[in-house]
>>> print(open('final-v7.tsv').read())   # TSV, C-alpha atoms and all ligand atoms
chain	number	residue	atom	x	y	z
N	119	MET	CA	18.51	5.87	-19.13
N	120	LYS	CA	21.87	5.82	-20.95
N	121	LYS	CA	24.38	7.58	-18.73
N	122	ILE	CA	24.02	6.81	-15.04
N	123	LEU	CA	25.78	8.06	-11.91
N	124	ILE	CA	25.42	6.08	-8.69
N	125	VAL	CA	26.39	8.05	-5.59
N	126	GLY	CA	26.89	5.96	-2.48
N	127	ALA	CA	28.05	3.15	-4.78
N	128	GLY	CA	30.06	1.46	-2.03
N	129	GLY	CA	27.15	0.61	0.25
N	130	GLN	CA	25.04	-2.53	0.56
N	131	ILE	CA	22.67	-1.62	-2.30
N	132	GLY	CA	25.09	0.50	-4.33
N	133	SER	CA	27.79	-2.13	-4.63
N	134	GLU	CA	25.37	-4.55	-6.32
N	135	LEU	CA	23.47	-1.90	-8.26
N	136	VAL	CA	26.69	-0.92	-10.08
N	137	THR	CA	27.12	-4.43	-11.47
N	138	TYR	CA	23.42	-4.87	-12.18
N	139	LEU	CA	23.08	-1.61	-14.13
N	140	ARG	CA	26.31	-2.21	-16.05
N	141	GLY	CA	24.90	-5.54	-17.15
N	142	ILE	CA	21.88	-3.74	-18.59
N	143	TYR	CA	23.26	-0.43	-19.89
N	144	GLY	CA	26.92	-1.21	-20.51
N	145	GLY	CA	29.90	-0.78	-18.21
N	146	SER	CA	31.04	2.58	-19.57
N	147	ASN	CA	27.54	4.05	-19.08
N	148	VAL	CA	27.44	3.50	-15.31
N	149	ILE	CA	29.72	5.62	-13.12
N	150	ALA	CA	30.23	4.45	-9.53
N	151	ALA	CA	30.92	7.26	-7.06
N	152	ASP	CA	31.64	7.03	-3.35
N	153	LEU	CA	33.51	8.90	-0.64
N	154	ARG	CA	35.61	5.82	0.05
N	155	GLU	CA	37.61	3.76	-2.41
N	156	PRO	CA	35.54	0.59	-3.08
N	157	ALA	CA	36.63	-2.42	-0.98
N	158	ASN	CA	36.44	-4.69	-4.00
N	159	PRO	CA	36.52	-2.33	-6.96
N	160	VAL	CA	34.27	-3.37	-9.80
N	161	ILE	CA	36.64	-2.78	-12.70
N	162	ASP	CA	34.26	-3.12	-15.63
N	163	GLY	CA	33.41	0.57	-15.66
N	164	PRO	CA	34.33	4.04	-14.39
N	165	SER	CA	34.60	4.77	-10.66
N	166	VAL	CA	35.26	8.11	-9.02
N	167	LYS	CA	35.91	9.29	-5.49
N	168	LEU	CA	33.24	11.86	-4.64
N	169	ASP	CA	31.94	13.65	-1.57
N	170	VAL	CA	28.34	14.29	-2.60
N	171	LEU	CA	28.20	17.18	-0.14
N	172	ASP	CA	30.68	18.98	-2.43
N	173	LYS	CA	28.15	20.32	-4.91
N	174	SER	CA	30.65	21.70	-7.39
N	175	ALA	CA	32.52	18.38	-7.59
N	176	PHE	CA	29.21	16.53	-7.93
N	177	SER	CA	28.04	18.93	-10.67
N	178	TYR	CA	31.34	18.61	-12.51
N	179	ILE	CA	31.01	14.82	-12.76
N	180	VAL	CA	27.39	15.07	-13.97
N	181	HIS	CA	28.19	17.75	-16.56
N	182	LYS	CA	31.47	16.26	-17.78
N	183	ASN	CA	29.90	12.82	-18.33
N	184	SER	CA	26.51	14.03	-19.64
N	185	VAL	CA	24.78	12.04	-16.89
N	186	ASP	CA	21.02	11.68	-17.43
N	187	THR	CA	20.13	9.58	-14.37
N	188	ILE	CA	21.31	9.83	-10.75
N	189	PHE	CA	20.84	7.05	-8.21
N	190	ASN	CA	21.34	8.68	-4.82
N	191	LEU	CA	22.03	5.95	-2.28
N	192	VAL	CA	23.89	8.05	0.28
N	193	ALA	CA	22.44	7.67	3.80
N	194	LEU	CA	23.28	6.97	7.40
N	195	LEU	CA	20.84	4.19	8.31
N	196	SER	CA	18.34	4.05	11.14
N	197	ALA	CA	20.35	2.78	14.12
N	198	THR	CA	23.49	4.72	13.19
N	199	GLY	CA	21.43	7.85	12.67
N	200	GLU	CA	20.22	7.72	16.27
N	201	LYS	CA	23.82	7.83	17.49
N	202	ASN	CA	24.39	11.16	15.69
N	203	PRO	CA	21.10	12.64	14.45
N	204	GLN	CA	22.60	15.95	13.29
N	205	LEU	CA	25.22	14.17	11.18
N	206	ALA	CA	22.50	11.91	9.72
N	207	TRP	CA	20.45	14.97	8.74
N	208	ASP	CA	23.46	16.77	7.24
N	209	ILE	CA	24.54	13.76	5.16
N	210	ASN	CA	21.16	12.34	4.16
N	211	MET	CA	19.53	15.67	3.30
N	212	GLY	CA	22.72	17.25	1.94
N	213	ALA	CA	23.16	14.39	-0.51
N	214	LEU	CA	19.52	14.55	-1.57
N	215	ASN	CA	19.44	18.32	-1.91
N	216	ASN	CA	22.56	18.33	-4.09
N	217	SER	CA	21.18	15.44	-6.17
N	218	LEU	CA	17.89	17.27	-6.78
N	219	GLU	CA	19.48	20.66	-7.50
N	220	ILE	CA	21.99	19.14	-9.94
N	221	ALA	CA	19.21	17.09	-11.56
N	222	ARG	CA	17.23	20.30	-12.02
N	223	GLU	CA	20.23	22.12	-13.53
N	224	TYR	CA	21.24	19.26	-15.88
N	225	ASN	CA	17.84	17.68	-16.59
N	226	CYS	CA	18.57	14.33	-14.91
N	227	ALA	CA	16.14	11.77	-13.53
N	228	VAL	CA	16.72	10.94	-9.86
N	229	PHE	CA	16.11	7.79	-7.82
N	230	THR	CA	16.42	8.11	-4.05
N	231	PRO	CA	15.25	5.17	-1.91
N	232	SER	CA	12.81	5.74	0.89
N	233	SER	CA	12.14	3.06	3.47
N	234	ILE	CA	9.65	1.37	5.75
N	235	GLY	CA	11.48	3.57	8.24
N	236	ALA	CA	9.53	6.54	6.88
N	237	PHE	CA	6.43	5.36	8.75
N	238	GLY	CA	5.66	6.28	12.35
N	239	GLY	CA	2.93	7.48	14.67
N	240	ASP	CA	-0.66	6.23	14.54
N	241	PHE	CA	-0.72	4.29	11.25
N	242	PRO	CA	-2.05	0.80	10.37
N	243	ARG	CA	0.83	-1.61	11.17
N	244	LYS	CA	-0.67	-4.45	9.13
N	245	ASN	CA	-1.10	-3.98	5.37
N	246	THR	CA	0.27	-0.46	5.77
N	247	PRO	CA	-1.32	1.62	2.98
N	248	GLN	CA	0.49	3.75	0.40
N	249	ASP	CA	-0.98	6.96	1.81
N	250	THR	CA	-1.29	7.22	5.61
N	251	VAL	CA	0.04	9.01	8.67
N	252	MET	CA	3.84	9.34	8.49
N	253	GLN	CA	5.29	10.69	11.74
N	254	PRO	CA	8.53	8.76	12.29
N	255	ASP	CA	10.45	9.23	15.52
N	256	THR	CA	13.92	8.48	14.17
N	257	MET	CA	16.14	10.96	12.35
N	258	TYR	CA	16.45	8.38	9.56
N	259	GLY	CA	12.66	8.32	9.21
N	260	VAL	CA	12.42	12.11	9.36
N	261	CYS	CA	14.99	12.31	6.55
N	262	LYS	CA	13.06	9.74	4.49
N	263	VAL	CA	9.73	11.58	4.84
N	264	ALA	CA	11.40	14.94	4.15
N	265	GLY	CA	13.13	13.33	1.17
N	266	GLU	CA	9.84	12.05	-0.23
N	267	LEU	CA	8.27	15.51	0.12
N	268	LEU	CA	11.29	17.30	-1.38
N	269	SER	CA	11.49	14.86	-4.30
N	270	ASN	CA	7.78	15.33	-5.03
N	271	TYR	CA	8.28	19.11	-4.81
N	272	TYR	CA	11.10	19.02	-7.36
N	273	HIS	CA	8.84	17.06	-9.69
N	274	SER	CA	5.80	19.32	-9.34
N	275	ARG	CA	7.70	22.65	-9.16
N	276	TYR	CA	10.53	22.04	-11.65
N	277	GLY	CA	9.45	18.94	-13.60
N	278	VAL	CA	12.41	16.86	-12.37
N	279	ASP	CA	11.76	13.16	-12.99
N	280	THR	CA	12.06	11.97	-9.37
N	281	ARG	CA	11.07	8.42	-8.43
N	282	SER	CA	11.45	6.31	-5.28
N	283	VAL	CA	10.43	3.13	-3.49
N	284	ARG	CA	10.03	2.50	0.24
N	285	PHE	CA	12.46	-0.37	0.66
N	286	PRO	CA	11.99	-3.06	3.27
N	287	GLY	CA	15.09	-4.41	4.94
N	288	ILE	CA	17.36	-5.58	2.13
N	289	ILE	CA	18.94	-9.02	2.44
N	290	SER	CA	22.07	-9.63	0.37
N	291	ASN	CA	25.24	-11.71	0.29
N	292	VAL	CA	27.77	-9.40	-1.38
N	293	THR	CA	28.28	-6.31	0.81
N	294	LEU	CA	27.28	-6.37	4.47
N	295	PRO	CA	24.74	-3.72	5.57
N	296	GLY	CA	25.91	-1.14	8.06
N	297	GLY	CA	23.97	0.43	10.91
N	298	GLY	CA	20.45	-0.67	10.08
N	299	THR	CA	17.72	-2.11	12.28
N	300	THR	CA	17.21	-4.91	9.76
N	301	ASP	CA	20.91	-5.87	9.60
N	302	TYR	CA	20.16	-8.94	11.78
N	303	ALA	CA	18.41	-10.57	8.81
N	304	VAL	CA	21.75	-10.65	6.95
N	305	GLU	CA	24.04	-11.33	9.92
N	306	ILE	CA	21.99	-14.38	10.97
N	307	PHE	CA	22.98	-16.18	7.75
N	308	TYR	CA	26.70	-15.64	8.32
N	309	SER	CA	26.44	-17.01	11.86
N	310	ALA	CA	24.48	-20.04	10.64
N	311	VAL	CA	26.91	-20.90	7.85
N	312	LYS	CA	29.95	-20.43	10.12
N	313	GLY	CA	28.39	-22.72	12.73
N	314	GLU	CA	28.15	-19.96	15.34
N	315	LYS	CA	25.27	-19.27	17.72
N	316	PHE	CA	23.49	-16.10	16.58
N	317	VAL	CA	22.72	-13.40	19.15
N	318	CYS	CA	19.73	-11.50	17.80
N	319	PRO	CA	19.26	-7.82	18.79
N	320	VAL	CA	15.49	-7.73	18.17
N	321	ARG	CA	12.69	-10.17	19.03
N	322	ASP	CA	9.01	-10.93	18.38
N	323	VAL	CA	8.67	-8.16	15.79
N	324	TYR	CA	7.62	-8.43	12.14
N	325	MET	CA	9.45	-6.35	9.54
N	326	ASP	CA	9.17	-6.25	5.77
N	327	MET	CA	12.23	-7.73	4.08
N	328	MET	CA	13.33	-8.11	0.45
N	329	TYR	CA	16.03	-10.09	-1.30
N	330	MET	CA	18.54	-7.93	-3.18
N	331	PRO	CA	17.72	-9.30	-6.68
N	332	ASP	CA	14.12	-8.11	-6.25
N	333	ALA	CA	15.31	-4.73	-4.95
N	334	LEU	CA	17.63	-4.20	-7.92
N	335	ARG	CA	14.93	-5.13	-10.43
N	336	ALA	CA	12.41	-2.86	-8.69
N	337	MET	CA	14.69	0.18	-9.11
N	338	VAL	CA	15.16	-0.39	-12.84
N	339	GLU	CA	11.51	-1.26	-13.50
N	340	LEU	CA	10.35	1.90	-11.73
N	341	MET	CA	12.89	4.12	-13.50
N	342	GLU	CA	11.91	2.62	-16.87
N	343	ALA	CA	8.16	2.82	-16.18
N	344	ASP	CA	5.86	4.97	-18.34
N	345	PRO	CA	5.66	8.28	-16.41
N	346	ALA	CA	2.09	8.79	-17.66
N	347	LYS	CA	0.99	5.82	-15.53
N	348	LEU	CA	2.60	7.02	-12.29
N	349	ARG	CA	0.02	8.51	-9.92
N	350	HIS	CA	2.58	8.31	-7.12
N	351	ARG	CA	6.31	8.94	-7.40
N	352	ASN	CA	7.95	9.42	-4.03
N	353	SER	CA	7.56	7.00	-2.71
N	354	PHE	CA	6.04	3.60	-3.61
N	355	ASN	CA	5.42	0.88	-1.02
N	356	ILE	CA	6.97	-2.34	-2.31
N	357	ALA	CA	6.88	-5.67	-0.47
N	358	SER	CA	7.90	-9.29	-0.86
N	359	MET	CA	8.08	-10.96	2.58
N	360	SER	CA	7.61	-10.14	6.24
N	361	PHE	CA	8.96	-12.18	9.15
N	362	THR	CA	10.11	-12.17	12.75
N	363	PRO	CA	13.56	-13.38	13.86
N	364	GLU	CA	11.96	-16.64	15.03
N	365	ILE	CA	10.47	-17.27	11.59
N	366	ILE	CA	13.72	-16.79	9.68
N	367	TYR	CA	15.61	-18.79	12.33
N	368	ASN	CA	13.29	-21.76	11.78
N	369	GLU	CA	13.57	-21.41	7.99
N	370	ILE	CA	17.38	-21.51	8.22
N	371	ARG	CA	17.20	-24.60	10.48
N	372	LYS	CA	15.51	-26.47	7.63
N	373	HIS	CA	18.97	-26.31	5.99
N	374	ILE	CA	21.22	-26.17	9.08
N	375	PRO	CA	19.37	-28.16	11.79
N	376	ASP	CA	21.86	-27.57	14.61
N	377	PHE	CA	21.87	-23.79	14.18
N	378	GLU	CA	21.22	-21.99	17.48
N	379	MET	CA	19.94	-18.47	18.19
N	380	THR	CA	19.53	-16.48	21.37
N	381	TYR	CA	18.44	-12.89	22.04
N	382	ARG	CA	20.25	-9.89	23.50
N	383	VAL	CA	17.75	-7.13	22.79
N	384	ASP	CA	19.19	-3.78	21.71
N	385	PRO	CA	16.61	-1.32	23.09
N	386	VAL	CA	17.28	1.23	20.33
N	387	LYS	CA	16.83	-1.30	17.49
N	388	GLN	CA	13.86	-2.96	19.24
N	389	GLY	CA	12.16	0.39	19.68
N	390	ILE	CA	12.77	1.34	16.04
N	391	ALA	CA	11.54	-2.04	14.75
N	392	GLU	CA	8.35	-1.88	16.84
N	393	GLY	CA	7.58	1.53	15.32
N	394	TRP	CA	7.74	0.24	11.76
N	395	PRO	CA	5.06	-1.56	9.71
N	396	ASP	CA	4.49	-5.30	10.12
N	397	ASN	CA	3.85	-5.54	6.39
N	398	LEU	CA	3.23	-3.09	3.56
N	399	ASP	CA	0.34	-2.95	1.09
N	400	ASP	CA	2.08	-2.52	-2.29
N	401	THR	CA	-1.06	-2.41	-4.48
N	402	CYS	CA	-0.14	0.99	-5.99
N	403	ALA	CA	3.27	-0.22	-7.20
N	404	ARG	CA	1.66	-3.31	-8.71
N	405	GLU	CA	-1.03	-1.26	-10.46
N	406	GLU	CA	1.05	1.74	-11.60
N	407	TRP	CA	4.26	0.03	-12.81
N	408	GLY	CA	3.71	-3.73	-12.56
N	409	TRP	CA	5.76	-4.46	-9.44
N	410	LYS	CA	5.81	-8.18	-8.48
N	411	PRO	CA	8.38	-9.90	-6.23
N	412	GLU	CA	10.13	-13.05	-7.46
N	413	TRP	CA	11.76	-14.20	-4.19
N	414	ASP	CA	10.14	-15.42	-0.98
N	415	LEU	CA	11.48	-16.53	2.41
N	416	ALA	CA	12.12	-20.13	1.33
N	417	SER	CA	13.89	-19.34	-1.96
N	418	MET	CA	15.88	-16.45	-0.48
N	419	THR	CA	17.04	-18.57	2.48
N	420	GLU	CA	18.21	-21.38	0.22
N	421	ASP	CA	20.09	-18.95	-2.07
N	422	MET	CA	21.68	-17.00	0.79
N	423	ILE	CA	23.02	-20.17	2.39
N	424	ARG	CA	24.34	-21.39	-0.97
N	425	ALA	CA	26.06	-18.06	-1.73
N	426	ILE	CA	27.63	-17.66	1.74
N	427	ARG	CA	28.85	-21.27	1.78
N	428	ALA	CA	30.54	-20.54	-1.55
N	429	LYS	CA	32.62	-17.83	0.16
N	430	ASN	CA	34.34	-20.55	2.28
N	431	LEU	CA	34.40	-18.29	5.32
N	432	LYS	CA	36.53	-19.46	8.24
X	501	LIG	C1	17.70	0.18	8.21
X	501	LIG	N1	18.31	-1.32	6.38
X	501	LIG	O1	17.52	-0.84	8.90
X	501	LIG	C2	17.75	-0.01	6.68
X	501	LIG	C3	16.39	0.07	6.07
X	501	LIG	C4	14.06	-0.76	6.13
X	501	LIG	C5	15.35	-0.71	6.85
X	501	LIG	O2	15.96	1.35	5.84
X	501	LIG	O3	17.83	1.29	8.67
>>> encode(input="final-v7.tsv", output="structure tokens", more="lines below")
Ligand code: VAH
Amino acid sequence: MKKILIVGAGGQIGSELVTYLRGIYGGSNVIAADLREPANPVIDGPSVKLDVLDKSAFSYIVHKNSVDTIFNLVALLSATGEKNPQLAWDINMGALNNSLEIAREYNCAVFTPSSIGAFGGDFPRKNTPQDTVMQPDTMYGVCKVAGELLSNYYHSRYGVDTRSVRFPGIISNVTLPGGGTTDYAVEIFYSAVKGEKFVCPVRDVYMDMMYMPDALRAMVELMEADPAKLRHRNSFNIASMSFTPEIIYNEIRKHIPDFEMTYRVDPVKQGIAEGWPDNLDDTCAREEWGWKPEWDLASMTEDMIRAIRAKNLK
């Protein structure tokens, strides 16, 4: 990878991926593109305003900058997608289709994240295998499964170097997530540090979660992996921790003993969460490209509280 374009660079993952990739490949070699101007523009490299659904504009940026790798992070997330399924399909699949077509035309590699949200139907909830039934009942999940199939098609039919991981809920302290079922696992930290009671929208349900530093490293390690060793491509299960709201609440209270939480269940988010895996089996990622998490619930909790306290939020 030497010339990278990140589309959806303003989102929870994108905003940190820009900085992370610039630290590895050099600021001028990582172009950050988003529909909106970045809230806190990262000025150590090029940024462009781009609607990824405008294929000619997207192509122009790739061609003009001799891009060789596209990270496509454009998506409406699970809970938001259920509010407007048609819009979610148009955006999520439009962004992917343009990314894949442009990658085919200009010989780029493409990373598009999948998600634990791709699972659904009658599949093993515990130690969910790499290959199993995938019949999600959310538009977000439908887009993720369709995206995996389309990305594999572009690899087998046209030789495009497409790669992907099924992300758990990503926990981070830079850019807030927006519209996801796992957002509670970020919001809970802000409530705890600000001394506010947290009202949790889901209860008694395990979900895979991952700290952002592990997620960023996973994307680079997969994209740099020897293609000859990849038996899977789109998309790899990767895992690091799995917990319920009660478990993370009790871990936070080890640092903030008077922190309080209550529940006000959001039926849409609860229903989505209950349809997802309790925990993934990520053996294939470990065997095919050496995946191994470096953060767990205890270390992530300590670092999140430290980082949010440093923001001096009022
Ligand atoms: C969501 N944060 O909740 C996203 C993610 C695994 C969850 O895909 O929709």
>>> residues_near_ligand(input="final-v7.tsv", ligand="ligand LIG 501 (chain X)", cutoff="7 Å", atoms="all atoms listed in the file", output="tab-separated table (two decimals) with C-alpha atoms, in the frame of the given file")
chain	number	residue	atom	x	y	z
N	195	LEU	CA	20.84	4.19	8.31
N	196	SER	CA	18.34	4.05	11.14
N	197	ALA	CA	20.35	2.78	14.12
N	233	SER	CA	12.14	3.06	3.47
N	234	ILE	CA	9.65	1.37	5.75
N	235	GLY	CA	11.48	3.57	8.24
N	285	PHE	CA	12.46	-0.37	0.66
N	286	PRO	CA	11.99	-3.06	3.27
N	287	GLY	CA	15.09	-4.41	4.94
N	288	ILE	CA	17.36	-5.58	2.13
N	295	PRO	CA	24.74	-3.72	5.57
N	297	GLY	CA	23.97	0.43	10.91
N	298	GLY	CA	20.45	-0.67	10.08
N	299	THR	CA	17.72	-2.11	12.28
N	300	THR	CA	17.21	-4.91	9.76
N	301	ASP	CA	20.91	-5.87	9.60
>>> atom_distance(input="final-v7.tsv", atom1="CA of Arg275 in chain N", atom2="CA of Ile188 in chain N")
18.8 Å
>>> closest_residue(input="final-v7.tsv", among="N:Val180, N:Leu415, N:Ile426, N:Ile220", to="Lys372 in chain N", atoms="all atoms listed in the file")
N:Leu415
>>> residues_around(input="final-v7.tsv", residues="Val125 in chain N", least_positions_apart="5", cutoff="8 Å", atoms="all atoms listed in the file", output="number ranges by chain")
N: 132, 150-152, 168, 170, 188-192
>>> residues_around(input="final-v7.tsv", residues="Gly408 in chain N", least_positions_apart="5", cutoff="10 Å", atoms="all atoms listed in the file", output="ChimeraX atom specification")
/N:336,339-340,343,401-403
>>> closest_residue(input="final-v7.tsv", among="N:Pro395, N:Pro385, N:Glu406, N:Ile390", to="Met252 in chain N", atoms="all atoms listed in the file")
N:Pro395
>>> closest_residue(input="final-v7.tsv", among="N:Ser269, N:Asn368, N:Gln248, N:Asn202", to="Arg404 in chain N", atoms="all atoms listed in the file")
N:Gln248
>>> closest_residue(input="final-v7.tsv", among="N:Asp414, N:Glu342, N:Asp326, N:Glu134", to="Trp394 in chain N", atoms="only C-alpha atoms")
N:Asp326
>>> atom_distance(input="final-v7.tsv", atom1="CA of Ile370 in chain N", atom2="CA of Arg424 in chain N")
11.5 Å
>>> atom_distance(input="final-v7.tsv", atom1="CA of Gln388 in chain N", atom2="CA of Val323 in chain N")
8.1 Å
>>> closest_residue(input="final-v7.tsv", among="N:Asp322, N:Ser232, N:Thr293, N:Asn352", to="Ser274 in chain N", atoms="only C-alpha atoms")
N:Asn352
>>> residues_around(input="final-v7.tsv", residues="Asp162 in chain N", least_positions_apart="6", cutoff="12 Å", atoms="only C-alpha atoms", output="NGL selection string")
:N and (136-141 or 144-150)
>>> closest_residue(input="final-v7.tsv", among="N:Lys262, N:His181, N:Arg427, N:Lys120", to="Ala206 in chain N", atoms="all atoms listed in the file")
N:Lys262
>>> residues_around(input="final-v7.tsv", residues="Ala193 in chain N", least_positions_apart="6", cutoff="9 Å", atoms="only C-alpha atoms", output="PDB file with C-alpha atoms, in the coordinates of the input")
ATOM      1  CA  GLY N 126      26.890   5.960  -2.480  1.00  0.00           C
ATOM      2  CA  GLY N 199      21.430   7.850  12.670  1.00  0.00           C
ATOM      3  CA  ALA N 206      22.500  11.910   9.720  1.00  0.00           C
ATOM      4  CA  ILE N 209      24.540  13.760   5.160  1.00  0.00           C
ATOM      5  CA  ASN N 210      21.160  12.340   4.160  1.00  0.00           C
ATOM      6  CA  MET N 211      19.530  15.670   3.300  1.00  0.00           C
ATOM      7  CA  ALA N 213      23.160  14.390  -0.510  1.00  0.00           C
ATOM      8  CA  TYR N 258      16.450   8.380   9.560  1.00  0.00           C
TER       9      TYR N 258
END
